[in-house]
Amino acid sequence: MTEIWQGLIKAIQLIVSLDPEVMEIAGRSLIISVASCLLASVFCLPLGGLIHFQRFPGKRTLISLIQTFYSIPTVVVGLLVFVLLSRAGPLGGLNLLYTPAAMIFGQMVLVVPILLGLTVSALSSVDKAIPDTARSLGASSLQIAVVVLKEARFAVMAAIILAFGRAISEVGLALMVGGNIRGFTRVMTTAISLETAKGDLELSLALGIILILIALIINIILNRIQQR
Amino acid sequence: MSLLEVVNLCQRYGERDILKNINLKVERGEVFALIGPTGAGKTTLLRLLDLIDTPTAGKIYFNGADATKSGRERLEMRRRMAFILQKPVVFNMSVYDNIAYGLKWRGIKENNIRQKVGNILDTVGLSADKDRNARTLSGGEVQRVAIARAVATEPEVLILDESTANLDPVSAAKIEELIRGIIQQHATTIIMATHDMAQGQRLADRIGVLIDGEFRQTGSPSDIFTSPRNKEVAEFIGIENILDGVITSSEDKVVIIDIGGKVIEAISDYAAGEAVSACIRPEDITVSLSKIASSARNSFSARVIRTVAMGSLSRVEIDCGFPLVCLVTKKSADELNLVKDKPVYATFKATGVHVIKR
């Protein structure tokens, strides 16, 4: 028990003293996950809008399918991306395996269902009278889409934050396509799993505390958004 | 050329025909009221007129041009109209931005917008609230934002759907005043749906009675209120006494109608033998305790069934062999002491009876 307490105290010291290794790993985690979520948002928001506004056969089925992939295991996505990026795979020529770019790409694949699904449901929760009102005031189809997206802005932001939460907390994918290379692709979750296995509880606990803090901050922001 | 012309317009949802063969012409500057019960198809027709929805069949011409085509032209036409929904919603932004939105979509310059929105805010009395989030406004204020938002775009046709239906009497009166102001100042063509017949009478140049997806009668307010063409229209415009009978004789337009054994005299062009309905407005019937000497041709002894106070008036139901509903002032109802079973006389003129063919 004392060992754990000592580890915890040292962990807090690592955080408070802004230990270079801890900060570097945490920073990399943030950069990779923020990048993957923003990049995924860039195409998921318009795509979600397209799915919501267009009528096409199989729309319901497509949405159900998207929702099914909300909880796809990270290792399955990892496997998929690994196969894609491995030397023999279709994108093998890009030499991306075991790079941060591969991790960003993998996390994008991971969060696309959540972002897309929640964007569609955010848009469909907007009062049906809003697009009618916009149309009656002379908005074009594109202008109507922008109005509805604006009305759904808080729900869409919540979707992005949830996606970020899933990206930063996953470990399977980061390990499989990033390779946990020190100073290059090592992120918080992969570091924790390795350091714990090595018996270095201090670093693991420090990174764990940072992860929990990030989760806490995400929750606070989400609550604020949902109260709007 | 009419500003708006509708030819054989039909709308159906699934198996239900919401609108059947609607034909309508609205002239520039005209105020046209669409009255009819809930579910008659008023909102459906207004949405088609504003080019929000597309009809199942039929044509709409705006200023002579076919408006049922899609694309850029349709958008340009829609931009010359404005539609205020029955339950207006405001965008989740400030009152100012709500009103400015329609102008921004039309690509109007920022300082121009500022000036226009400023003027409108004054007109609707919301200048002090311009920075407030519109979602925090009351029902009446939301309605005013909706009107301001529509009027700001300076539409040639303003379409209003039951704009006072969901408001308290004071807010409703304010909104009606606002609409009256718009009619007077801008000479905007207005098409408004209402189920408040009195409002239709107060504001409209012409009224169309829409029942079950069809125009049952179109005409000036006085036409419709004095001479409903059929029983449904008569019922809808609040004629409570509609008595079915048969004309037994006709002389010089004075007809005798047999109503289940009792006879009523009325003025009508219909000939003897015609099955008709006699419509008598409750306010056209005089209730008295003794038979009154007057030129009125119809006088019946009756018994009071029930008296209900309605503000300054009392609604008296009597039985004179056939049921009649009369309206008397609360004061005279008290003076006459119209309690149940009290014997009274009901008197009305032959000219007070409107005869329609069954």
# chains A, B, ... in the order shown; residues from 1 in each chain; ligands from 1
>>> closest_atom_pairs(of="chain A", to="chain B", cutoff="9 Å", atoms="only C-alpha atoms", output="JSON lines")
{"residue": "A:Asp127", "atom": "CA", "partner": "B:Val89", "partner_atom": "CA", "distance": 8.3}
{"residue": "A:Ala129", "atom": "CA", "partner": "B:Val89", "partner_atom": "CA", "distance": 6.5}
{"residue": "A:Ile130", "atom": "CA", "partner": "B:Val89", "partner_atom": "CA", "distance": 6.6}
{"residue": "A:Asp132", "atom": "CA", "partner": "B:Ile52", "partner_atom": "CA", "distance": 7.2}
{"residue": "A:Thr133", "atom": "CA", "partner": "B:Leu85", "partner_atom": "CA", "distance": 7.3}
{"residue": "A:Ala134", "atom": "CA", "partner": "B:Gly102", "partner_atom": "CA", "distance": 7.8}
{"residue": "A:Arg135", "atom": "CA", "partner": "B:Ile52", "partner_atom": "CA", "distance": 6.7}
{"residue": "A:Ser136", "atom": "CA", "partner": "B:Phe83", "partner_atom": "CA", "distance": 5.5}
{"residue": "A:Leu137", "atom": "CA", "partner": "B:Gly102", "partner_atom": "CA", "distance": 5.3}
{"residue": "A:Gly138", "atom": "CA", "partner": "B:Arg79", "partner_atom": "CA", "distance": 4.6}
{"residue": "A:Ala139", "atom": "CA", "partner": "B:Trp105", "partner_atom": "CA", "distance": 5.9}
{"residue": "A:Ser140", "atom": "CA", "partner": "B:Leu75", "partner_atom": "CA", "distance": 6.8}
{"residue": "A:Gln143", "atom": "CA", "partner": "B:Trp105", "partner_atom": "CA", "distance": 7.4}
{"residue": "A:Val147", "atom": "CA", "partner": "B:Phe91", "partner_atom": "CA", "distance": 8.2}
{"residue": "A:Lys150", "atom": "CA", "partner": "B:Asn92", "partner_atom": "CA", "distance": 8.4}
{"residue": "A:Glu151", "atom": "CA", "partner": "B:Asn92", "partner_atom": "CA", "distance": 6.3}
>>> residues_around(residues="A:Ile66", least_positions_apart="5", cutoff="12 Å", atoms="only C-alpha atoms", output="PyMOL selection string")
chain A and resi 44+48+51+59-61+71-72+109-121
>>> residues_around(residues="B:Lys330", least_positions_apart="2", cutoff="12 Å", atoms="only C-alpha atoms", output="NGL selection string")
:B and (307-316 or 326-328 or 332-338)
>>> write_last_selection(atoms="C-alpha atoms", output="compact mmCIF listing (two decimals), in the first residue's frame")
# COMPACT_ATOMS: atom_id res chain seq x y z
CA THR B 307 -79.87 30.91 -20.51
CA VAL B 308 -76.09 31.23 -20.48
CA ALA B 309 -74.28 34.50 -19.77
CA MET B 310 -71.51 35.38 -22.25
CA GLY B 311 -69.91 38.61 -21.12
CA SER B 312 -72.24 41.49 -21.84
CA LEU B 313 -74.61 39.22 -23.77
CA SER B 314 -76.76 36.26 -22.84
CA ARG B 315 -77.34 33.27 -25.05
CA VAL B 316 -80.91 32.08 -24.68
CA CYS B 326 -81.18 33.99 -29.42
CA LEU B 327 -78.75 36.60 -28.22
CA VAL B 328 -79.99 39.30 -25.87
CA SER B 332 -82.49 42.54 -20.71
CA ALA B 333 -82.03 38.86 -19.89
CA ASP B 334 -81.98 39.87 -16.23
CA GLU B 335 -84.97 42.18 -16.62
CA LEU B 336 -87.00 39.53 -18.43
CA ASN B 337 -85.87 36.95 -15.87
CA LEU B 338 -85.35 34.28 -18.53
>>> atom_distance(atom1="atom CA of B:Ala172", atom2="atom CA of B:Ile191")
17.7 Å
>>> residues_around(residues="stretch 1-14 of chain B", least_positions_apart="6", cutoff="12 Å", atoms="only C-alpha atoms", output="PyMOL selection string")
chain B and resi 20-30+32+41-51+53-68+77+80-81+156-159+188-191+213-215
>>> residues_around(residues="stretch 208-212 of chain A", least_positions_apart="4", cutoff="8 Å", atoms="only C-alpha atoms", output="number ranges by chain")
A: 26, 169, 188, 192, 204, 216
>>> write_last_selection(atoms="N, CA and C atoms", output="tab-separated table (two decimals), in the first residue's frame")
chain	number	residue	atom	x	y	z
A	26	ALA	N	2.24	13.71	-22.90
A	26	ALA	CA	0.88	14.27	-22.82
A	26	ALA	C	0.61	15.20	-24.00
A	169	SER	N	-8.47	8.43	-25.30
A	169	SER	CA	-8.44	7.40	-24.27
A	169	SER	C	-8.18	6.00	-24.83
A	188	MET	N	0.03	8.87	-24.10
A	188	MET	CA	-0.24	8.59	-22.70
A	188	MET	C	-0.70	7.15	-22.46
A	192	ILE	N	1.39	4.31	-20.46
A	192	ILE	CA	0.88	3.72	-19.21
A	192	ILE	C	0.96	2.19	-19.28
A	204	SER	N	3.31	6.00	-14.91
A	204	SER	CA	1.98	5.55	-15.28
A	204	SER	C	0.92	6.35	-14.53
A	216	LEU	N	-12.13	15.00	-17.05
A	216	LEU	CA	-12.91	15.91	-16.20
A	216	LEU	C	-13.21	17.21	-16.95
